[in-house]
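Notes follow once the structure below has been shown.
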Amino acid sequence: MSQPLRIITRDQHSVSRKAISPNALRVLYRLHEAGHAAFLVGGAVRDLIAGIQPKDFDVATDATPEQVRALFRNCRLIGRRFRLAHVVFGREIIEVATFRASSDDGSGDREVHDDGRVLRDNVYGSIEEDAVRRDFTANALYYNIADFSIHDYVGGFDDVIARRMRMIGDAETRYREDPVRMLRAVRLSSKLGFTIAEDTAAPIASLAPLLLQAAPARLFDECLKLFLSGHAVASFEGLERHGLLAVLFPETAKALASNRSGALRRMVIAGLAGTDARVAADEPVSPAFLFAVLLWPAYCRSLAQLEGQGMHAAEAQRRAADRVTLHLTQVVALPRRFSLPMQEIWLLQPRFAQRKRTGRFIAHPRFRAAFDFLKLRERAAPSHAGDVAYWAELQAGLPQASETYDDVEGGEEQPRSPRRRRRRS
């Protein structure tokens with residue numbers, strides 16, 4: 001859907017070099033001085049136009065990865081599916097991509113699966129071709145360091161001004177090329193407060209099962225982007241609205257559909273809202289706690305089924321936790337360093353109602369996370385208010401537990417102090 005090039009001059013847009021990373025500017029200027037085309041591209045340009053400060057800055061150029069590496073001593077080349085140059089400035093990495101062609105040149109550097117998925121794409125081309133092969137029009141804007149203008153080949157500038165996510169080309173074809181684009185459509189629209197254009201949204205529900213073709217590890221990364229970037233509630237609602245939740249978290253979707261009171265959904269939304277608040281306050285958030293929230297409805301449903309079969313409560317709880325985790329990892333590769341704390345948070349919940357061995361329980365490494373989880377449950381079901389009040393009062397004035405909520409939110413096991421050996425007399 002390439003359109004005639006539209007050049008938005010410096011006096012017609014709001015992008016300022018003051019808002020661009022100095023390291024990205026160094027890369028752009030050095031490429032330009034070496035005689036190469038050099039453009040800031042993608043999400044950074046989109047965000048700057050929309051009035052959002054970008055976190056990452058990507059560069060597009062006609063220089064090959066090898067030519068980029070020759071210009072920067074602090075450069076490394078990465079990727080087989082997409083060959084890229086990373087210019088490293090301490091903790092900041094400026095990603096530099098060579099303009100990609102929109103079609104195969106017969107060299108063997110572009111490989112497409114029979115189902116339409118692009119497996120490898122290292123055929124280089126012109127900036128016009130590069131623009132057309134990007135996913136959304138809002139991501140296909142190029143800021144030219146030569147004259148500070150913005151080059152628009154697909155109508156992306158107007159879409160950003162209108163706060164609209166629109167696919168470049170035929171949406172169904174592009175989703176088949178890479179099904180994860182459906183998640184990106186939801187994530188970006190949630191992050192930016194954009195609407196998804198009707199022709200871009202229409203095929204998502206019917207093509208949602210294609211997500212199962214994506215690597216589980218990649219879907220885990222996408223989940224972190226969906227739910228740990230400060231717009232978790234909007235992302236969750238977007239997944240529901242477009243039929244993606246039932247594919248990404250099928251057991252949770254079934255549980256929510258069968259929960260007539262809506263308490264489980266209220267609990268999930270409350271948990272995601274809390275995650276958004278922590279991100280906004282620049283506080284740590286762990287995938288362990290996040291997935292404990294997202295999969296709690298599935299756990300409750302599985303637990304009820306097992307107890308309904310006559311299984312003892314403690315055994316049913318362990319079985320339900322294992323079953324839900326196993327089902328998830330077939331779609332989303334949740335690492336054990338997160339799945340084990342997630343299960344502990346669930347399995348500790350019945351102990352709040354027992355009110356036994358309180359000192360030992362409060363000293364449990366997962367107590368604080370489990371207690372915060374109980375408070376989430378109370379927001380959805382007030383029947384837990386008595387337990388919350390009891391344990392809150394019990395903690396008042398006591399020394400801090402061995403592990404805090406923030407420790408769990410960091411997602412890492414806390415090292416234990418080495419035990420001192422007694423000297424033999």
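Ordering of the structure tokens sets the chain letters (A, B, ...), residue numbers begin anew at 1 in every chain, and ligands are numbered from 1 in the order given.
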**Near-region 334-336 of chain A list (10 Å; only C-alpha atoms; drop same-chain fewer than 6 positions) as a ChimeraX atom specification** = /A:216-217,219-221,223,287-288,291,325-326,328,342
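Near Phe361 (chain A), within 10 Å and counting only C-alpha atoms, sit Leu348, Arg351, Phe352, Arg355, Lys356, Arg366, Phe367 and Ala401 of chain A; same-chain residues fewer than 5 positions away were not included.
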Polymer residues at most 12 Å from Ser235 (chain A), only C-alpha atoms, same-chain spacing of 4 or more positions, as a JSON list (two decimals) with N, CA, C and O atoms, in the first residue's frame:
[["chain", "number", "residue", "atom", "x", "y", "z"],
["A", 182, "MET", "N", -0.81, -9.78, 15.93],
["A", 182, "MET", "CA", -2.13, -9.56, 16.55],
["A", 182, "MET", "C", -1.96, -9.08, 17.98],
["A", 182, "MET", "O", -2.69, -8.19, 18.44],
["A", 183, "LEU", "N", -1.00, -9.67, 18.69],
["A", 183, "LEU", "CA", -0.72, -9.20, 20.06],
["A", 183, "LEU", "C", -0.14, -7.80, 20.05],
["A", 183, "LEU", "O", -0.43, -6.98, 20.91],
["A", 184, "ARG", "N", 0.71, -7.52, 19.06],
["A", 184, "ARG", "CA", 1.30, -6.19, 18.95],
["A", 184, "ARG", "C", 0.22, -5.14, 18.70],
["A", 184, "ARG", "O", 0.30, -4.02, 19.22],
["A", 185, "ALA", "N", -0.78, -5.48, 17.91],
["A", 185, "ALA", "CA", -1.86, -4.53, 17.64],
["A", 185, "ALA", "C", -2.57, -4.17, 18.94],
["A", 185, "ALA", "O", -2.86, -2.99, 19.21],
["A", 186, "VAL", "N", -2.84, -5.17, 19.76],
["A", 186, "VAL", "CA", -3.51, -4.93, 21.04],
["A", 186, "VAL", "C", -2.58, -4.16, 21.98],
["A", 186, "VAL", "O", -3.00, -3.20, 22.63],
["A", 187, "ARG", "N", -1.33, -4.59, 22.06],
["A", 187, "ARG", "CA", -0.40, -3.97, 23.01],
["A", 187, "ARG", "C", -0.15, -2.50, 22.68],
["A", 187, "ARG", "O", -0.21, -1.63, 23.55],
["A", 188, "LEU", "N", 0.12, -2.21, 21.41],
["A", 188, "LEU", "CA", 0.43, -0.83, 21.04],
["A", 188, "LEU", "C", -0.79, 0.08, 21.17],
["A", 188, "LEU", "O", -0.67, 1.23, 21.61],
["A", 189, "SER", "N", -1.95, -0.43, 20.79],
["A", 189, "SER", "CA", -3.16, 0.41, 20.93],
["A", 189, "SER", "C", -3.46, 0.67, 22.40],
["A", 189, "SER", "O", -3.90, 1.76, 22.77],
["A", 190, "SER", "N", -3.18, -0.33, 23.26],
["A", 190, "SER", "CA", -3.39, -0.15, 24.70],
["A", 190, "SER", "C", -2.39, 0.84, 25.27],
["A", 190, "SER", "O", -2.74, 1.71, 26.08],
["A", 191, "LYS", "N", -1.14, 0.71, 24.86],
["A", 191, "LYS", "CA", -0.09, 1.60, 25.37],
["A", 191, "LYS", "C", -0.33, 3.04, 24.96],
["A", 191, "LYS", "O", -0.18, 3.97, 25.76],
["A", 192, "LEU", "N", -0.70, 3.25, 23.71],
["A", 192, "LEU", "CA", -0.79, 4.59, 23.16],
["A", 192, "LEU", "C", -2.18, 5.22, 23.31],
["A", 192, "LEU", "O", -2.33, 6.41, 23.08],
["A", 193, "GLY", "N", -3.16, 4.39, 23.67],
["A", 193, "GLY", "CA", -4.53, 4.91, 23.71],
["A", 193, "GLY", "C", -5.09, 5.09, 22.31],
["A", 193, "GLY", "O", -5.98, 5.94, 22.10],
["A", 194, "PHE", "N", -4.59, 4.31, 21.36],
["A", 194, "PHE", "CA", -5.07, 4.37, 19.98],
["A", 194, "PHE", "C", -6.23, 3.40, 19.79],
["A", 194, "PHE", "O", -6.39, 2.44, 20.53],
["A", 222, "GLU", "N", 6.22, -11.61, 24.90],
["A", 222, "GLU", "CA", 5.12, -10.72, 24.54],
["A", 222, "GLU", "C", 4.20, -10.47, 25.73],
["A", 222, "GLU", "O", 3.67, -9.37, 25.90],
["A", 223, "CYS", "N", 4.01, -11.49, 26.57],
["A", 223, "CYS", "CA", 3.18, -11.31, 27.77],
["A", 223, "CYS", "C", 3.80, -10.28, 28.71],
["A", 223, "CYS", "O", 3.08, -9.46, 29.30],
["A", 224, "LEU", "N", 5.12, -10.33, 28.86],
["A", 224, "LEU", "CA", 5.78, -9.34, 29.71],
["A", 224, "LEU", "C", 5.56, -7.94, 29.16],
["A", 224, "LEU", "O", 5.32, -6.99, 29.92],
["A", 225, "LYS", "N", 5.63, -7.78, 27.84],
["A", 225, "LYS", "CA", 5.40, -6.47, 27.24],
["A", 225, "LYS", "C", 3.94, -6.03, 27.41],
["A", 225, "LYS", "O", 3.66, -4.85, 27.64],
["A", 226, "LEU", "N", 3.02, -6.99, 27.30],
["A", 226, "LEU", "CA", 1.60, -6.67, 27.44],
["A", 226, "LEU", "C", 1.25, -6.20, 28.84],
["A", 226, "LEU", "O", 0.48, -5.25, 29.03],
["A", 227, "PHE", "N", 1.82, -6.90, 29.86],
["A", 227, "PHE", "CA", 1.34, -6.71, 31.22],
["A", 227, "PHE", "C", 2.30, -6.01, 32.17],
["A", 227, "PHE", "O", 1.92, -5.68, 33.28],
["A", 228, "LEU", "N", 3.54, -5.80, 31.77],
["A", 228, "LEU", "CA", 4.50, -5.17, 32.67],
["A", 228, "LEU", "C", 5.02, -3.84, 32.13],
["A", 228, "LEU", "O", 6.12, -3.42, 32.49],
["A", 229, "SER", "N", 4.23, -3.20, 31.30],
["A", 229, "SER", "CA", 4.65, -1.92, 30.72],
["A", 229, "SER", "C", 3.77, -0.76, 31.15],
["A", 229, "SER", "O", 3.84, 0.32, 30.57],
["A", 230, "GLY", "N", 2.89, -1.01, 32.12],
["A", 230, "GLY", "CA", 2.08, 0.08, 32.64],
["A", 230, "GLY", "C", 0.69, 0.20, 32.05],
["A", 230, "GLY", "O", -0.04, 1.13, 32.37],
["A", 231, "HIS", "N", 0.31, -0.76, 31.21],
["A", 231, "HIS", "CA", -1.03, -0.72, 30.61],
["A", 231, "HIS", "C", -1.64, -2.12, 30.61],
["A", 231, "HIS", "O", -2.23, -2.56, 29.62],
["A", 239, "LEU", "N", -7.26, -8.05, 24.80],
["A", 239, "LEU", "CA", -7.18, -9.48, 24.48],
["A", 239, "LEU", "C", -8.56, -10.11, 24.53],
["A", 239, "LEU", "O", -8.91, -10.94, 23.68],
["A", 240, "GLU", "N", -9.35, -9.75, 25.55],
["A", 240, "GLU", "CA", -10.72, -10.27, 25.65],
["A", 240, "GLU", "C", -11.55, -9.84, 24.44],
["A", 240, "GLU", "O", -12.25, -10.65, 23.82],
["A", 241, "ARG", "N", -11.46, -8.56, 24.12],
["A", 241, "ARG", "CA", -12.31, -7.98, 23.08],
["A", 241, "ARG", "C", -12.05, -8.61, 21.71],
["A", 241, "ARG", "O", -12.98, -8.77, 20.91],
["A", 242, "HIS", "N", -10.81, -8.96, 21.45],
["A", 242, "HIS", "CA", -10.45, -9.47, 20.11],
["A", 242, "HIS", "C", -10.27, -10.98, 20.06],
["A", 242, "HIS", "O", -9.76, -11.51, 19.07],
["A", 244, "LEU", "N", -8.34, -13.02, 21.75],
["A", 244, "LEU", "CA", -6.97, -13.54, 21.91],
["A", 244, "LEU", "C", -6.74, -14.15, 23.29],
["A", 244, "LEU", "O", -5.87, -15.02, 23.44],
["A", 245, "LEU", "N", -7.51, -13.74, 24.29],
["A", 245, "LEU", "CA", -7.32, -14.28, 25.64],
["A", 245, "LEU", "C", -7.59, -15.78, 25.66],
["A", 245, "LEU", "O", -6.88, -16.54, 26.33],
["A", 269, "ILE", "N", -8.66, -8.00, 37.36],
["A", 269, "ILE", "CA", -8.55, -6.57, 37.01],
["A", 269, "ILE", "C", -7.91, -5.79, 38.13],
["A", 269, "ILE", "O", -7.06, -4.91, 37.91],
["A", 272, "LEU", "N", -4.17, -6.48, 38.05],
["A", 272, "LEU", "CA", -3.51, -5.81, 36.93],
["A", 272, "LEU", "C", -3.45, -4.31, 37.16],
["A", 272, "LEU", "O", -2.46, -3.65, 36.79],
["A", 273, "ALA", "N", -4.49, -3.75, 37.78],
["A", 273, "ALA", "CA", -4.46, -2.32, 38.10],
["A", 273, "ALA", "C", -3.35, -2.02, 39.11],
["A", 273, "ALA", "O", -2.66, -1.00, 39.02],
["A", 276, "ASP", "N", -0.12, -1.96, 37.22],
["A", 276, "ASP", "CA", 0.03, -0.68, 36.51],
["A", 276, "ASP", "C", 0.47, 0.42, 37.47],
["A", 276, "ASP", "O", 1.31, 1.27, 37.12]]
Compile the contact shell of Arg377 (chain A) as a ChimeraX atom specification: residues with an atom at most 10 Å away, counting only C-alpha atoms, same-chain residues fewer than 3 positions apart removed. /A:263-264,266-268,270-271,293,296,349,371-374,380-385,388
Any chance you can output those residues with C-alpha atoms as a PDB file, in the first residue's frame?
ATOM      1  CA  ALA A 263     -15.630 -12.135  41.276  1.00  0.00           C
ATOM      2  CA  LEU A 264     -12.730 -13.815  39.494  1.00  0.00           C
ATOM      3  CA  ARG A 266     -12.781  -8.384  39.354  1.00  0.00           C
ATOM      4  CA  MET A 267      -9.849  -9.949  41.157  1.00  0.00           C
ATOM      5  CA  VAL A 268      -7.783 -10.180  37.954  1.00  0.00           C
ATOM      6  CA  ALA A 270      -7.668  -5.403  40.528  1.00  0.00           C
ATOM      7  CA  GLY A 271      -4.359  -7.252  40.333  1.00  0.00           C
ATOM      8  CA  VAL A 293      -3.042 -13.199  39.165  1.00  0.00           C
ATOM      9  CA  TRP A 296      -5.831 -17.704  39.501  1.00  0.00           C
ATOM     10  CA  GLN A 349      -3.824 -19.067  50.576  1.00  0.00           C
ATOM     11  CA  PHE A 371      -0.703 -11.768  51.909  1.00  0.00           C
ATOM     12  CA  ASP A 372      -0.815  -9.138  49.173  1.00  0.00           C
ATOM     13  CA  PHE A 373      -2.498 -11.745  46.991  1.00  0.00           C
ATOM     14  CA  LEU A 374      -5.080 -12.325  49.743  1.00  0.00           C
ATOM     15  CA  ALA A 380     -13.195  -9.188  44.635  1.00  0.00           C
ATOM     16  CA  ALA A 381     -14.801 -11.159  47.496  1.00  0.00           C
ATOM     17  CA  PRO A 382     -15.354  -9.216  50.784  1.00  0.00           C
ATOM     18  CA  SER A 383     -15.688 -12.532  52.664  1.00  0.00           C
ATOM     19  CA  HIS A 384     -11.888 -12.490  53.037  1.00  0.00           C
ATOM     20  CA  ALA A 385     -11.978  -9.207  54.986  1.00  0.00           C
ATOM     21  CA  VAL A 388      -7.010  -9.735  55.972  1.00  0.00           C
TER      22      VAL A 388
END
So, with only C-alpha atoms as the atoms that count, which of A:Leu141, A:Pro297, A:Gln330, A:Val15 lies closest to Gly262 (chain A)?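 Of the candidates, the smallest distance to Gly262 (chain A) is held by A:Pro297.
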* as number ranges by chain, please: all residues of region 37-180 of chain A that backbone DSSP puts in strand (DSSP E or B). => A: 38-41, 58-61, 75-78, 84-89, 92-98, 100, 110-112, 118-121, 124, 136, 141-144, 150-152, 164-165, 167
Output N, CA and C atoms of each residue in that selection to a file, as a CSV table (one decimal), in the first residue's frame.
chain,number,residue,atom,x,y,z
A,38,ALA,N,20.5,8.0,6.9
A,38,ALA,CA,20.4,7.8,8.3
A,38,ALA,C,19.0,8.3,8.8
A,39,PHE,N,18.2,7.4,9.3
A,39,PHE,CA,16.9,7.8,9.8
A,39,PHE,C,16.6,7.2,11.1
A,40,LEU,N,16.0,8.0,12.0
A,40,LEU,CA,15.4,7.5,13.2
A,40,LEU,C,14.0,6.9,12.7
A,41,VAL,N,13.7,5.7,13.2
A,41,VAL,CA,12.5,5.1,12.6
A,41,VAL,C,11.7,4.4,13.7
A,58,ASP,N,15.5,3.4,17.5
A,58,ASP,CA,16.0,2.5,16.4
A,58,ASP,C,16.4,3.4,15.2
A,59,VAL,N,17.4,2.9,14.5
A,59,VAL,CA,17.9,3.6,13.3
A,59,VAL,C,17.8,2.7,12.1
A,60,ALA,N,17.4,3.3,11.0
A,60,ALA,CA,17.4,2.6,9.7
A,60,ALA,C,18.3,3.3,8.7
A,61,THR,N,19.0,2.5,7.9
A,61,THR,CA,20.0,3.1,7.0
A,61,THR,C,20.2,2.2,5.8
A,75,CYS,N,30.3,-1.8,18.2
A,75,CYS,CA,29.1,-2.4,17.5
A,75,CYS,C,29.3,-3.9,17.4
A,76,ARG,N,28.2,-4.6,17.6
A,76,ARG,CA,28.2,-6.1,17.4
A,76,ARG,C,27.0,-6.5,16.5
A,77,LEU,N,27.2,-7.5,15.7
A,77,LEU,CA,26.1,-7.9,14.8
A,77,LEU,C,25.4,-9.1,15.4
A,78,ILE,N,24.1,-9.1,15.3
A,78,ILE,CA,23.3,-10.1,15.9
A,78,ILE,C,22.2,-10.6,14.9
A,84,LEU,N,21.0,-7.7,12.2
A,84,LEU,CA,21.0,-6.3,12.8
A,84,LEU,C,22.3,-5.9,13.4
A,85,ALA,N,22.6,-4.6,13.5
A,85,ALA,CA,23.7,-4.1,14.1
A,85,ALA,C,23.3,-3.5,15.4
A,86,HIS,N,24.0,-3.8,16.5
A,86,HIS,CA,23.7,-3.1,17.8
A,86,HIS,C,24.9,-2.3,18.2
A,87,VAL,N,24.7,-1.0,18.3
A,87,VAL,CA,25.8,-0.1,18.7
A,87,VAL,C,25.6,0.1,20.2
A,88,VAL,N,26.5,-0.3,21.0
A,88,VAL,CA,26.4,-0.3,22.5
A,88,VAL,C,27.0,0.9,23.2
A,89,PHE,N,26.2,1.6,24.0
A,89,PHE,CA,26.7,2.7,24.8
A,89,PHE,C,26.4,2.4,26.2
A,92,GLU,N,22.7,1.4,27.2
A,92,GLU,CA,21.8,1.8,26.1
A,92,GLU,C,22.4,1.1,24.8
A,93,ILE,N,21.4,0.5,24.1
A,93,ILE,CA,21.8,-0.1,22.8
A,93,ILE,C,20.9,0.6,21.7
A,94,ILE,N,21.6,1.1,20.7
A,94,ILE,CA,21.0,1.6,19.5
A,94,ILE,C,21.0,0.6,18.4
A,95,GLU,N,19.8,0.1,18.1
A,95,GLU,CA,19.6,-0.9,17.1
A,95,GLU,C,19.6,-0.3,15.7
A,96,VAL,N,20.5,-0.8,14.8
A,96,VAL,CA,20.6,-0.2,13.4
A,96,VAL,C,20.2,-1.3,12.5
A,97,ALA,N,19.2,-1.1,11.7
A,97,ALA,CA,18.7,-2.0,10.7
A,97,ALA,C,18.9,-1.5,9.3
A,98,THR,N,19.4,-2.4,8.4
A,98,THR,CA,19.5,-2.0,7.0
A,98,THR,C,18.1,-2.1,6.3
A,100,ARG,N,15.1,-3.1,4.4
A,100,ARG,CA,14.8,-4.5,3.9
A,100,ARG,C,13.9,-4.3,2.6
A,110,ARG,N,15.9,-14.8,1.9
A,110,ARG,CA,14.5,-14.7,2.4
A,110,ARG,C,13.8,-16.0,2.4
A,111,GLU,N,13.3,-16.4,3.5
A,111,GLU,CA,12.6,-17.8,3.6
A,111,GLU,C,11.3,-17.6,4.2
A,112,VAL,N,10.3,-18.1,3.5
A,112,VAL,CA,8.9,-18.1,4.0
A,112,VAL,C,8.3,-19.5,4.1
A,118,VAL,N,7.1,-15.6,7.9
A,118,VAL,CA,8.5,-15.2,7.4
A,118,VAL,C,9.5,-15.8,8.4
A,119,LEU,N,10.3,-16.7,7.9
A,119,LEU,CA,11.3,-17.4,8.8
A,119,LEU,C,12.6,-16.7,8.8
A,120,ARG,N,13.0,-16.0,7.7
A,120,ARG,CA,14.2,-15.3,7.6
A,120,ARG,C,14.0,-14.2,6.5
A,121,ASP,N,14.6,-13.0,6.8
A,121,ASP,CA,14.5,-11.9,5.9
A,121,ASP,C,15.7,-11.0,5.9
A,124,TYR,N,18.2,-6.9,1.3
A,124,TYR,CA,18.2,-5.5,1.5
A,124,TYR,C,17.6,-4.8,0.3
A,136,PHE,N,2.7,-1.7,11.1
A,136,PHE,CA,1.7,-0.7,11.2
A,136,PHE,C,2.1,0.6,10.6
A,141,LEU,N,7.4,5.5,10.0
A,141,LEU,CA,7.8,6.9,9.8
A,141,LEU,C,9.3,7.1,10.0
A,142,TYR,N,9.9,7.9,9.2
A,142,TYR,CA,11.4,8.0,9.2
A,142,TYR,C,11.8,9.5,9.4
A,143,TYR,N,12.5,9.7,10.5
A,143,TYR,CA,13.0,11.0,10.8
A,143,TYR,C,14.4,11.2,10.2
A,144,ASN,N,14.5,12.1,9.2
A,144,ASN,CA,15.8,12.2,8.5
A,144,ASN,C,16.7,13.2,9.2
A,150,ILE,N,10.3,14.4,8.3
A,150,ILE,CA,9.8,13.1,8.5
A,150,ILE,C,9.3,12.6,7.1
A,151,HIS,N,9.8,11.4,6.8
A,151,HIS,CA,9.3,10.8,5.5
A,151,HIS,C,8.2,9.8,5.8
A,152,ASP,N,7.1,9.9,5.1
A,152,ASP,CA,6.0,9.1,5.3
A,152,ASP,C,5.5,8.5,3.9
A,164,ARG,N,-4.6,6.2,15.6
A,164,ARG,CA,-5.2,5.0,15.0
A,164,ARG,C,-4.1,4.0,14.6
A,165,MET,N,-4.3,2.8,15.0
A,165,MET,CA,-3.4,1.7,14.6
A,165,MET,C,-3.9,1.1,13.3
A,167,MET,N,-2.9,-1.5,9.9
A,167,MET,CA,-2.0,-2.4,9.3
A,167,MET,C,-1.6,-1.9,7.9
Hey, what's within 8 Å of Val247 (chain A) if we count only C-alpha atoms and toss same-chain stuff fewer than 4 positions away? As an MDAnalysis selection string, please? chainID A and resid 208:209 211:212 243
Spatial neighbours of Leu210 (chain A), max dist 6 Å, only C-alpha atoms, sep filter under 3 positions, as a CSV table (one decimal) with C-alpha atoms, in the first residue's frame:
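Contents of selection.csv, as written:
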chain,number,residue,atom,x,y,z
A,179,PRO,CA,0.7,-14.1,14.1
A,207,LEU,CA,-7.0,-15.9,13.1
A,213,GLN,CA,2.4,-21.5,15.9
Q: Tell me, as a PyMOL selection string, which residues lie within 12 Å of Arg323 (chain A), counting only C-alpha atoms; anything in the same chain fewer than 5 positions away does not count.
A: chain A and resi 251+295+298-303+305-306+316-318+328-330+339+343
